[in-house]
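Text of the file target.cif, holding mmCIF, C-alpha atoms and all ligand atoms:
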```
data_protein
loop_
_atom_site.label_atom_id
_atom_site.label_comp_id
_atom_site.auth_asym_id
_atom_site.auth_seq_id
_atom_site.Cartn_x
_atom_site.Cartn_y
_atom_site.Cartn_z
CA MET A 90 -13.32 3.58 24.20
CA LYS A 91 -14.42 0.10 25.21
CA TRP A 92 -12.16 -1.78 27.64
CA ILE A 93 -12.10 -5.57 27.81
CA LYS A 94 -10.02 -6.81 30.73
CA VAL A 95 -8.89 -10.42 30.46
CA SER A 96 -6.91 -12.53 32.89
CA ASN A 97 -4.04 -13.66 30.70
CA TYR A 98 -2.30 -13.34 27.35
CA LYS A 99 -4.02 -16.40 25.88
CA ASP A 100 -7.43 -14.88 26.56
CA LEU A 101 -6.29 -11.57 25.07
CA SER A 102 -5.19 -13.33 21.88
CA GLU A 103 -8.40 -15.35 21.66
CA GLU A 104 -10.59 -12.30 22.28
CA ALA A 105 -8.75 -10.29 19.62
CA ALA A 106 -8.97 -13.20 17.17
CA LYS A 107 -12.70 -13.53 17.80
CA ILE A 108 -13.21 -9.89 16.79
CA MET A 109 -10.95 -10.13 13.72
CA LYS A 110 -12.61 -13.38 12.60
CA GLU A 111 -16.04 -11.86 12.95
CA ARG A 112 -15.04 -8.76 10.95
CA ILE A 113 -13.40 -10.77 8.15
CA ASN A 114 -16.28 -13.22 7.91
CA ASN A 115 -18.73 -10.32 7.74
CA LYS A 116 -16.74 -8.61 4.98
CA PRO A 117 -14.34 -11.00 3.25
CA ASN A 118 -12.62 -8.15 1.34
CA LEU A 119 -11.82 -6.32 4.57
CA THR A 120 -8.85 -3.95 4.71
CA ILE A 121 -6.91 -4.66 7.87
CA GLY A 122 -4.10 -2.73 9.52
CA LEU A 123 -1.51 -4.86 11.29
CA ALA A 124 1.12 -4.36 13.97
CA THR A 125 4.31 -6.25 14.74
CA GLY A 126 5.95 -6.69 18.16
CA SER A 127 5.33 -9.26 20.87
CA THR A 128 1.75 -8.33 21.70
CA PRO A 129 -0.09 -9.41 18.50
CA GLU A 130 1.87 -12.67 18.07
CA GLY A 131 -0.77 -14.68 19.94
CA LEU A 132 -3.53 -13.11 17.85
CA TYR A 133 -1.72 -14.15 14.67
CA LYS A 134 -1.37 -17.72 16.00
CA GLU A 135 -5.09 -17.82 16.69
CA LEU A 136 -5.89 -16.49 13.20
CA ILE A 137 -3.66 -19.15 11.62
CA LYS A 138 -5.43 -21.80 13.69
CA ALA A 139 -8.83 -20.50 12.57
CA TYR A 140 -7.71 -20.47 8.93
CA LYS A 141 -6.40 -24.06 9.18
CA GLN A 142 -9.67 -25.15 10.75
CA GLY A 143 -11.55 -23.62 7.82
CA GLU A 144 -13.16 -20.91 9.95
CA LEU A 145 -11.85 -18.00 7.93
CA SER A 146 -10.13 -17.04 4.72
CA PHE A 147 -7.82 -14.13 3.93
CA SER A 148 -8.12 -14.65 0.17
CA GLU A 149 -9.85 -11.30 -0.40
CA VAL A 150 -8.29 -9.41 2.52
CA THR A 151 -5.98 -6.44 1.95
CA SER A 152 -3.44 -5.64 4.65
CA TYR A 153 -1.37 -2.61 5.59
CA ASN A 154 1.34 -2.80 8.20
CA LEU A 155 1.98 0.09 10.51
CA ASP A 156 5.69 0.44 10.15
CA GLU A 157 9.11 -0.81 9.08
CA TYR A 158 12.69 -0.06 10.06
CA ILE A 159 14.76 2.04 7.70
CA GLY A 160 17.96 0.54 6.36
CA LEU A 161 17.29 -3.05 7.42
CA ASP A 162 17.23 -5.56 4.57
CA ILE A 163 13.80 -7.18 4.21
CA ASN A 164 15.53 -10.55 4.49
CA SER A 165 16.94 -9.63 7.87
CA PRO A 166 15.20 -11.68 10.58
CA GLN A 167 14.40 -8.50 12.51
CA SER A 168 12.67 -6.73 9.63
CA TYR A 169 8.94 -6.33 10.08
CA TYR A 170 8.56 -7.80 6.61
CA GLN A 171 10.07 -11.09 7.84
CA PHE A 172 8.10 -10.92 11.07
CA MET A 173 4.80 -10.65 9.22
CA PHE A 174 5.54 -13.37 6.68
CA GLN A 175 6.74 -15.78 9.34
CA LYS A 176 4.15 -15.04 12.00
CA LEU A 177 1.12 -14.75 9.71
CA PHE A 178 1.24 -14.33 5.95
CA ASN A 179 3.12 -17.57 5.09
CA ASN A 180 0.55 -19.53 7.05
CA VAL A 181 -2.71 -18.21 5.63
CA ASP A 182 -4.20 -17.72 2.17
CA ILE A 183 -3.65 -13.97 1.85
CA GLN A 184 -2.65 -12.89 -1.67
CA LYS A 185 0.87 -11.49 -1.78
CA GLU A 186 -0.17 -8.51 -3.93
CA LYS A 187 -2.67 -7.50 -1.28
CA ILE A 188 -0.01 -7.25 1.43
CA HIS A 189 1.48 -3.81 2.09
CA ILE A 190 4.43 -3.06 4.33
CA PRO A 191 6.27 0.26 4.13
CA ASN A 192 9.54 -0.07 2.25
CA GLY A 193 12.33 1.17 4.48
CA ASN A 194 14.96 0.44 1.87
CA THR A 195 13.97 2.72 -0.92
CA LYS A 196 16.08 5.66 -2.07
CA ASP A 197 13.25 8.14 -1.87
CA LEU A 198 11.58 7.66 1.49
CA GLN A 199 9.40 10.74 1.07
CA VAL A 200 7.89 9.29 -2.10
CA GLU A 201 7.36 6.01 -0.30
CA CYS A 202 5.46 7.81 2.48
CA VAL A 203 3.20 9.66 0.04
CA GLN A 204 2.56 6.51 -1.99
CA TYR A 205 1.77 4.43 1.10
CA GLU A 206 -0.76 6.99 2.24
CA GLU A 207 -2.31 7.05 -1.25
CA LEU A 208 -2.52 3.26 -1.38
CA ILE A 209 -4.43 3.17 1.89
CA LYS A 210 -6.78 5.87 0.67
CA ASN A 211 -7.35 4.10 -2.65
CA SER A 212 -8.19 0.89 -0.80
CA GLY A 213 -11.05 2.79 0.80
CA GLY A 214 -9.24 3.21 4.12
CA ILE A 215 -8.53 0.70 6.85
CA ASP A 216 -11.57 -1.11 8.22
CA ILE A 217 -9.92 -2.40 11.37
CA GLN A 218 -6.48 -1.48 12.68
CA VAL A 219 -4.65 -3.63 15.22
CA LEU A 220 -2.36 -1.64 17.52
CA GLY A 221 0.09 -2.33 20.31
CA ILE A 222 1.41 0.41 22.58
CA GLY A 223 4.97 1.34 23.47
CA ASN A 224 6.10 1.91 27.05
CA ASN A 225 6.28 5.61 26.19
CA GLY A 226 2.77 5.60 24.72
CA HIS A 227 3.82 5.36 21.10
CA ILE A 228 1.41 3.84 18.59
CA ALA A 229 3.06 2.49 15.46
CA PHE A 230 6.36 4.40 15.63
CA ASN A 231 4.74 7.73 16.46
CA GLU A 232 6.91 8.77 19.35
CA PRO A 233 5.90 11.33 22.02
CA GLY A 234 5.66 14.80 20.53
CA THR A 235 4.45 13.61 17.10
CA SER A 236 1.66 15.73 15.65
CA PHE A 237 -1.76 14.13 15.90
CA ASP A 238 -2.25 15.08 12.23
CA ALA A 239 0.83 13.27 10.94
CA LYS A 240 0.49 11.08 7.87
CA THR A 241 2.90 8.30 6.93
CA HIS A 242 6.37 9.68 7.66
CA VAL A 243 9.97 8.98 8.58
CA VAL A 244 10.79 8.98 12.30
CA GLU A 245 13.83 8.99 14.52
CA LEU A 246 13.23 6.29 17.10
CA ASP A 247 13.24 7.26 20.78
CA GLU A 248 16.06 5.94 22.96
CA SER A 249 13.41 4.08 24.99
CA THR A 250 12.03 2.40 21.85
CA ILE A 251 15.51 1.39 20.72
CA ALA A 252 16.19 -0.03 24.18
CA ALA A 253 12.84 -1.90 24.20
CA ASN A 254 13.40 -3.36 20.73
CA ALA A 255 17.04 -4.35 21.39
CA ARG A 256 15.67 -7.69 22.63
CA PHE A 257 15.16 -8.74 19.00
CA PHE A 258 18.78 -7.90 18.01
CA ASN A 259 22.22 -9.05 19.19
CA ASN A 260 22.70 -5.73 20.91
CA LYS A 261 21.30 -2.22 21.13
CA ASP A 262 23.73 -0.83 18.54
CA GLU A 263 22.20 -3.04 15.85
CA VAL A 264 18.73 -1.53 16.25
CA PRO A 265 18.00 0.88 13.39
CA VAL A 266 17.56 4.46 14.57
CA GLN A 267 14.94 5.39 11.99
CA ALA A 268 11.70 3.91 10.76
CA ILE A 269 8.88 4.65 8.38
CA THR A 270 5.50 4.70 10.06
CA MET A 271 1.85 5.38 9.44
CA GLY A 272 1.04 8.68 11.12
CA ILE A 273 -1.42 9.24 13.90
CA GLY A 274 -3.67 11.00 11.38
CA THR A 275 -3.52 7.86 9.19
CA ILE A 276 -4.36 5.58 12.10
CA MET A 277 -7.21 7.79 13.28
CA LYS A 278 -8.89 7.46 9.87
CA SER A 279 -9.32 3.71 10.44
CA LYS A 280 -12.96 2.85 10.89
CA GLU A 281 -12.25 0.65 13.90
CA ILE A 282 -9.24 0.21 16.18
CA LEU A 283 -8.26 -2.76 18.30
CA LEU A 284 -5.60 -1.84 20.85
CA LEU A 285 -3.90 -4.79 22.54
CA ILE A 286 -2.04 -4.22 25.79
CA SER A 287 -0.12 -6.95 27.54
CA GLY A 288 2.80 -7.07 29.86
CA LYS A 289 3.98 -5.71 33.17
CA GLY A 290 6.20 -3.11 31.50
CA LYS A 291 3.10 -1.34 30.20
CA GLN A 292 1.75 -0.25 33.60
CA GLU A 293 2.72 3.40 33.28
CA ALA A 294 1.31 3.58 29.77
CA ILE A 295 -1.93 1.98 30.97
CA GLU A 296 -2.29 4.53 33.80
CA LYS A 297 -1.72 7.43 31.41
CA LEU A 298 -4.17 6.07 28.87
CA LYS A 299 -6.79 5.50 31.55
CA SER A 300 -6.39 9.07 32.83
CA GLY A 301 -8.11 10.27 29.66
CA VAL A 302 -5.79 13.27 29.23
CA VAL A 303 -5.25 13.80 25.50
CA THR A 304 -1.78 15.13 24.72
CA GLU A 305 0.79 14.78 21.94
CA ASP A 306 3.28 13.87 24.68
CA PHE A 307 1.43 10.58 24.97
CA PRO A 308 0.48 9.54 21.41
CA ALA A 309 -1.99 6.77 22.33
CA SER A 310 -4.11 9.32 24.19
CA ILE A 311 -5.58 10.47 20.85
CA LEU A 312 -7.50 7.19 20.72
CA HIS A 313 -9.94 8.73 23.21
CA LYS A 314 -11.12 10.89 20.29
CA HIS A 315 -11.81 7.92 18.00
CA PRO A 316 -15.42 6.71 17.93
CA ASN A 317 -14.73 2.97 17.71
CA VAL A 318 -11.81 1.73 19.80
CA THR A 319 -11.71 -1.53 21.74
CA VAL A 320 -8.83 -2.01 24.19
CA ILE A 321 -8.12 -5.59 25.19
CA ILE A 322 -5.88 -5.62 28.20
CA THR A 323 -4.17 -8.05 30.53
CA ASN A 324 -1.65 -7.36 33.24
CA ASN A 325 0.05 -10.70 32.64
C1 LIG B 1 4.78 -2.42 15.90
C2 LIG B 1 4.43 -1.12 16.45
C3 LIG B 1 4.74 -0.73 17.86
C4 LIG B 1 4.42 -1.83 18.88
C5 LIG B 1 4.81 -1.36 20.28
C6 LIG B 1 4.59 -2.43 21.31
O1 LIG B 1 4.38 -2.50 14.55
O2 LIG B 1 3.90 -0.34 15.73
O3 LIG B 1 4.03 0.44 18.18
O4 LIG B 1 3.07 -2.12 18.82
O5 LIG B 1 6.15 -0.97 20.30
O6 LIG B 1 5.44 -3.50 21.06
P1 LIG B 1 5.32 -4.87 21.85
O7 LIG B 1 4.06 -5.48 21.44
O8 LIG B 1 6.52 -5.66 21.39
O9 LIG B 1 5.36 -4.52 23.30
#
```

Write out the structure in this file as structure tokens.
Ligand code: F6R
Amino acid sequence: MKWIKVSNYKDLSEEAAKIMKERINNKPNLTIGLATGSTPEGLYKELIKAYKQGELSFSEVTSYNLDEYIGLDINSPQSYYQFMFQKLFNNVDIQKEKIHIPNGNTKDLQVECVQYEELIKNSGGIDIQVLGIGNNGHIAFNEPGTSFDAKTHVVELDESTIAANARFFNNKDEVPVQAITMGIGTIMKSKEILLLISGKGKQEAIEKLKSGVVTEDFPASILHKHPNVTVIITNN
């Protein structure tokens, strides 16, 4: 696990964008895994800037998002679908048919999970996966206690995750209680992982990750077993 400590959020976003730009320019038909949440927003702004300056193109890129709420309309401003289109996809030249976000509004969620996993496999796997980390150590929506082997599945969100995500809704009761998420097993198959950590609220998670103890009680700890992880971190 390679750690890059930077002094502020802007540097974190620029550093992450530098890596993503390099990977996409090296392999224009890259398959990328993307996260939502506050942490990668700056990265997406930097990627849009680079695209507008003609420094990179997403025209051959395939993307897979980590997760989506269950039961939230895709047109709802809090859906991860809307997040991704507003914060990145609408502003770059990615082809719509190459964008994949789990569908949390389908009748058969189990089928959706199996199909999502198959799609990733048929794309040749994820070349580089961007991750954030939850205060409780979750990656994607794999909450503490999730099996390290899990594939794409339906989850019940932790109380702490619901509380953390309530900031995007009018109140806590509006936050969906379930989500569909790539599993830890799915994430671990990515060839490369870029974990972005920003914010004071992440201190406990940072300490636990740094301790090196690998346990299902702290999902991000599995990343110690992946051969190609870069953590970009700022305390600010
Ligand atoms: C989002 C996701 C989550 C977030 C995590 C951190 O797609 O999978 O695991 O990365 O909850 O969220 P922020 O960045 O808002 O602190």

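For the point (8.5, 8.2, 24.1), the residues with an atom at a distance of at most 9 Å are A:Gly223, A:Asn224, A:Asn225, A:Gly226, A:His227, A:Asn231, A:Glu232, A:Pro233, A:Gly234, A:Leu246, A:Asp247, A:Glu248, A:Ser249, A:Thr250, A:Asp306, A:Phe307, A:Pro308, counting only C-alpha atoms.
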
Please check which protein, DNA or RNA residues sit within 8 Å of ligand LIG 1 (chain B), counting all atoms listed in the file, and write them as a compact mmCIF listing (two decimals) with C-alpha atoms, keeping the file's coordinate frame.
```txt
# COMPACT_ATOMS: atom_id res chain seq x y z
CA LEU A 123 -1.51 -4.86 11.29
CA ALA A 124 1.12 -4.36 13.97
CA THR A 125 4.31 -6.25 14.74
CA GLY A 126 5.95 -6.69 18.16
CA SER A 127 5.33 -9.26 20.87
CA THR A 128 1.75 -8.33 21.70
CA PRO A 129 -0.09 -9.41 18.50
CA ASN A 154 1.34 -2.80 8.20
CA LEU A 155 1.98 0.09 10.51
CA ASP A 156 5.69 0.44 10.15
CA GLU A 157 9.11 -0.81 9.08
CA TYR A 169 8.94 -6.33 10.08
CA LEU A 220 -2.36 -1.64 17.52
CA GLY A 221 0.09 -2.33 20.31
CA ILE A 222 1.41 0.41 22.58
CA GLY A 223 4.97 1.34 23.47
CA ASN A 224 6.10 1.91 27.05
CA HIS A 227 3.82 5.36 21.10
CA ILE A 228 1.41 3.84 18.59
CA ALA A 229 3.06 2.49 15.46
CA PHE A 230 6.36 4.40 15.63
CA ASN A 231 4.74 7.73 16.46
CA THR A 250 12.03 2.40 21.85
CA ALA A 253 12.84 -1.90 24.20
CA ASN A 254 13.40 -3.36 20.73
CA THR A 270 5.50 4.70 10.06
CA ILE A 286 -2.04 -4.22 25.79
CA SER A 287 -0.12 -6.95 27.54
CA GLY A 288 2.80 -7.07 29.86
CA LYS A 291 3.10 -1.34 30.20
```

Original post:
Skipping near chain neighbours, those fewer than 5 positions away, what residues fall within 12 Å of Ser300 (chain A) using all atoms listed in the file, listed as a ChimeraX atom specification?
Top reply: /A:293-295,307,309-310,313

Go ahead and dump the residues you just picked, C-alpha atoms, as a PDB file, in the coordinates of the input.
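See selection.pdb below for the written result:
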```pdb
ATOM      1  CA  GLU A 293       2.720   3.400  33.280  1.00  0.00           C
ATOM      2  CA  ALA A 294       1.310   3.580  29.770  1.00  0.00           C
ATOM      3  CA  ILE A 295      -1.930   1.980  30.970  1.00  0.00           C
ATOM      4  CA  PHE A 307       1.430  10.580  24.970  1.00  0.00           C
ATOM      5  CA  ALA A 309      -1.990   6.770  22.330  1.00  0.00           C
ATOM      6  CA  SER A 310      -4.110   9.320  24.190  1.00  0.00           C
ATOM      7  CA  HIS A 313      -9.940   8.730  23.210  1.00  0.00           C
TER       8      HIS A 313
END
```

Subject >> For Leu298 (chain A), the nearest of the candidates A:Ala239, A:Val320, A:Met277, A:Ala255, counting all atoms listed in the file >> reply: A:Val320

Subject >> Close residues, Thr275 (chain A) itself excluded, 10 Å, only C-alpha atoms, min 5 positions apart in chain, as a ChimeraX atom specification >> reply: /A:155,206,209-210,214-215,237-241,270

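CA of Lys185 (chain A) is found 12.0 Å from CA of Tyr170 (chain A).
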
Subject >> Nearby residues, (3.2, -11.8, 31.8) file frame, 7 Å, all atoms listed in the file, as a PyMOL selection string >> reply: chain A and resi 288-289+324-325

Keeping C-alpha atoms for every residue in the selection just given, could you write it to a file as a PDB file, keeping the file's coordinate frame?
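Below is the file that was written, result_15.pdb:
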```pdb
ATOM      1  CA  GLY A 288       2.800  -7.070  29.860  1.00  0.00           C
ATOM      2  CA  LYS A 289       3.980  -5.710  33.170  1.00  0.00           C
ATOM      3  CA  ASN A 324      -1.650  -7.360  33.240  1.00  0.00           C
ATOM      4  CA  ASN A 325       0.050 -10.700  32.640  1.00  0.00           C
TER       5      ASN A 325
END
```

Please complete region 300-311 of chain A with all heavy atoms and give it back as a PDB file, in the coordinates of the input.
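Output file selection19.pdb follows:
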```
ATOM      1  N   SER A 300      -6.133   7.730  32.264  1.00  0.00           N
ATOM      2  CA  SER A 300      -6.390   9.070  32.830  1.00  0.00           C
ATOM      3  C   SER A 300      -7.280   9.893  31.897  1.00  0.00           C
ATOM      4  O   SER A 300      -7.945  10.819  32.336  1.00  0.00           O
ATOM      5  CB  SER A 300      -5.075   9.801  33.067  1.00  0.00           C
ATOM      6  OG  SER A 300      -4.593  10.340  31.836  1.00  0.00           O
ATOM      7  N   GLY A 301      -7.238   9.571  30.612  1.00  0.00           N
ATOM      8  CA  GLY A 301      -8.110  10.270  29.660  1.00  0.00           C
ATOM      9  C   GLY A 301      -7.547  11.603  29.174  1.00  0.00           C
ATOM     10  O   GLY A 301      -8.163  12.268  28.349  1.00  0.00           O
ATOM     11  N   VAL A 302      -6.382  11.997  29.670  1.00  0.00           N
ATOM     12  CA  VAL A 302      -5.790  13.270  29.230  1.00  0.00           C
ATOM     13  C   VAL A 302      -5.237  13.075  27.814  1.00  0.00           C
ATOM     14  O   VAL A 302      -4.456  12.149  27.566  1.00  0.00           O
ATOM     15  CB  VAL A 302      -4.627  13.694  30.175  1.00  0.00           C
ATOM     16  CG1 VAL A 302      -3.989  14.986  29.682  1.00  0.00           C
ATOM     17  CG2 VAL A 302      -5.122  13.815  31.599  1.00  0.00           C
ATOM     18  N   VAL A 303      -5.682  13.933  26.896  1.00  0.00           N
ATOM     19  CA  VAL A 303      -5.250  13.800  25.500  1.00  0.00           C
ATOM     20  C   VAL A 303      -4.130  14.799  25.233  1.00  0.00           C
ATOM     21  O   VAL A 303      -4.317  16.002  25.318  1.00  0.00           O
ATOM     22  CB  VAL A 303      -6.441  14.035  24.539  1.00  0.00           C
ATOM     23  CG1 VAL A 303      -5.986  13.965  23.086  1.00  0.00           C
ATOM     24  CG2 VAL A 303      -7.540  13.010  24.806  1.00  0.00           C
ATOM     25  N   THR A 304      -2.939  14.276  24.943  1.00  0.00           N
ATOM     26  CA  THR A 304      -1.780  15.130  24.720  1.00  0.00           C
ATOM     27  C   THR A 304      -0.810  14.473  23.737  1.00  0.00           C
ATOM     28  O   THR A 304      -0.636  13.246  23.766  1.00  0.00           O
ATOM     29  CB  THR A 304      -1.039  15.437  26.046  1.00  0.00           C
ATOM     30  OG1 THR A 304       0.274  15.916  25.743  1.00  0.00           O
ATOM     31  CG2 THR A 304      -0.926  14.226  26.943  1.00  0.00           C
ATOM     32  N   GLU A 305      -0.184  15.313  22.905  1.00  0.00           N
ATOM     33  CA  GLU A 305       0.790  14.780  21.940  1.00  0.00           C
ATOM     34  C   GLU A 305       2.005  14.177  22.645  1.00  0.00           C
ATOM     35  O   GLU A 305       2.785  13.442  22.046  1.00  0.00           O
ATOM     36  CB  GLU A 305       1.194  15.867  20.934  1.00  0.00           C
ATOM     37  CG  GLU A 305       0.065  16.136  19.939  1.00  0.00           C
ATOM     38  CD  GLU A 305       0.371  17.200  18.900  1.00  0.00           C
ATOM     39  OE1 GLU A 305       1.405  17.888  19.009  1.00  0.00           O
ATOM     40  OE2 GLU A 305      -0.442  17.348  17.965  1.00  0.00           O
ATOM     41  N   ASP A 306       2.170  14.473  23.936  1.00  0.00           N
ATOM     42  CA  ASP A 306       3.280  13.870  24.680  1.00  0.00           C
ATOM     43  C   ASP A 306       3.036  12.393  24.961  1.00  0.00           C
ATOM     44  O   ASP A 306       3.934  11.664  25.380  1.00  0.00           O
ATOM     45  CB  ASP A 306       3.469  14.584  26.037  1.00  0.00           C
ATOM     46  CG  ASP A 306       3.974  15.994  25.825  1.00  0.00           C
ATOM     47  OD1 ASP A 306       4.569  16.251  24.767  1.00  0.00           O
ATOM     48  OD2 ASP A 306       3.739  16.840  26.720  1.00  0.00           O
ATOM     49  N   PHE A 307       1.786  11.983  24.752  1.00  0.00           N
ATOM     50  CA  PHE A 307       1.430  10.580  24.970  1.00  0.00           C
ATOM     51  C   PHE A 307       0.542  10.152  23.791  1.00  0.00           C
ATOM     52  O   PHE A 307      -0.692  10.239  23.834  1.00  0.00           O
ATOM     53  CB  PHE A 307       0.683  10.427  26.312  1.00  0.00           C
ATOM     54  CG  PHE A 307       0.461   8.992  26.685  1.00  0.00           C
ATOM     55  CD1 PHE A 307       1.506   8.200  27.140  1.00  0.00           C
ATOM     56  CD2 PHE A 307      -0.791   8.412  26.548  1.00  0.00           C
ATOM     57  CE1 PHE A 307       1.301   6.864  27.457  1.00  0.00           C
ATOM     58  CE2 PHE A 307      -1.000   7.081  26.852  1.00  0.00           C
ATOM     59  CZ  PHE A 307       0.043   6.314  27.312  1.00  0.00           C
ATOM     60  N   PRO A 308       1.203   9.726  22.683  1.00  0.00           N
ATOM     61  CA  PRO A 308       0.480   9.540  21.410  1.00  0.00           C
ATOM     62  C   PRO A 308      -0.798   8.712  21.493  1.00  0.00           C
ATOM     63  O   PRO A 308      -1.805   9.072  20.877  1.00  0.00           O
ATOM     64  CB  PRO A 308       1.531   8.860  20.531  1.00  0.00           C
ATOM     65  CG  PRO A 308       2.839   9.355  21.075  1.00  0.00           C
ATOM     66  CD  PRO A 308       2.653   9.472  22.551  1.00  0.00           C
ATOM     67  N   ALA A 309      -0.796   7.631  22.282  1.00  0.00           N
ATOM     68  CA  ALA A 309      -1.990   6.770  22.330  1.00  0.00           C
ATOM     69  C   ALA A 309      -3.203   7.490  22.880  1.00  0.00           C
ATOM     70  O   ALA A 309      -4.344   7.053  22.677  1.00  0.00           O
ATOM     71  CB  ALA A 309      -1.698   5.517  23.167  1.00  0.00           C
ATOM     72  N   SER A 310      -2.982   8.606  23.569  1.00  0.00           N
ATOM     73  CA  SER A 310      -4.110   9.320  24.190  1.00  0.00           C
ATOM     74  C   SER A 310      -5.120   9.805  23.147  1.00  0.00           C
ATOM     75  O   SER A 310      -6.294   9.965  23.453  1.00  0.00           O
ATOM     76  CB  SER A 310      -3.618  10.488  25.039  1.00  0.00           C
ATOM     77  OG  SER A 310      -2.974  11.462  24.235  1.00  0.00           O
ATOM     78  N   ILE A 311      -4.669   9.994  21.907  1.00  0.00           N
ATOM     79  CA  ILE A 311      -5.580  10.470  20.850  1.00  0.00           C
ATOM     80  C   ILE A 311      -6.712   9.468  20.611  1.00  0.00           C
ATOM     81  O   ILE A 311      -7.790   9.837  20.129  1.00  0.00           O
ATOM     82  CB  ILE A 311      -4.810  10.728  19.513  1.00  0.00           C
ATOM     83  CG1 ILE A 311      -5.685  11.432  18.472  1.00  0.00           C
ATOM     84  CG2 ILE A 311      -4.279   9.441  18.929  1.00  0.00           C
ATOM     85  CD1 ILE A 311      -6.102  12.813  18.813  1.00  0.00           C
TER      86      ILE A 311
END
```
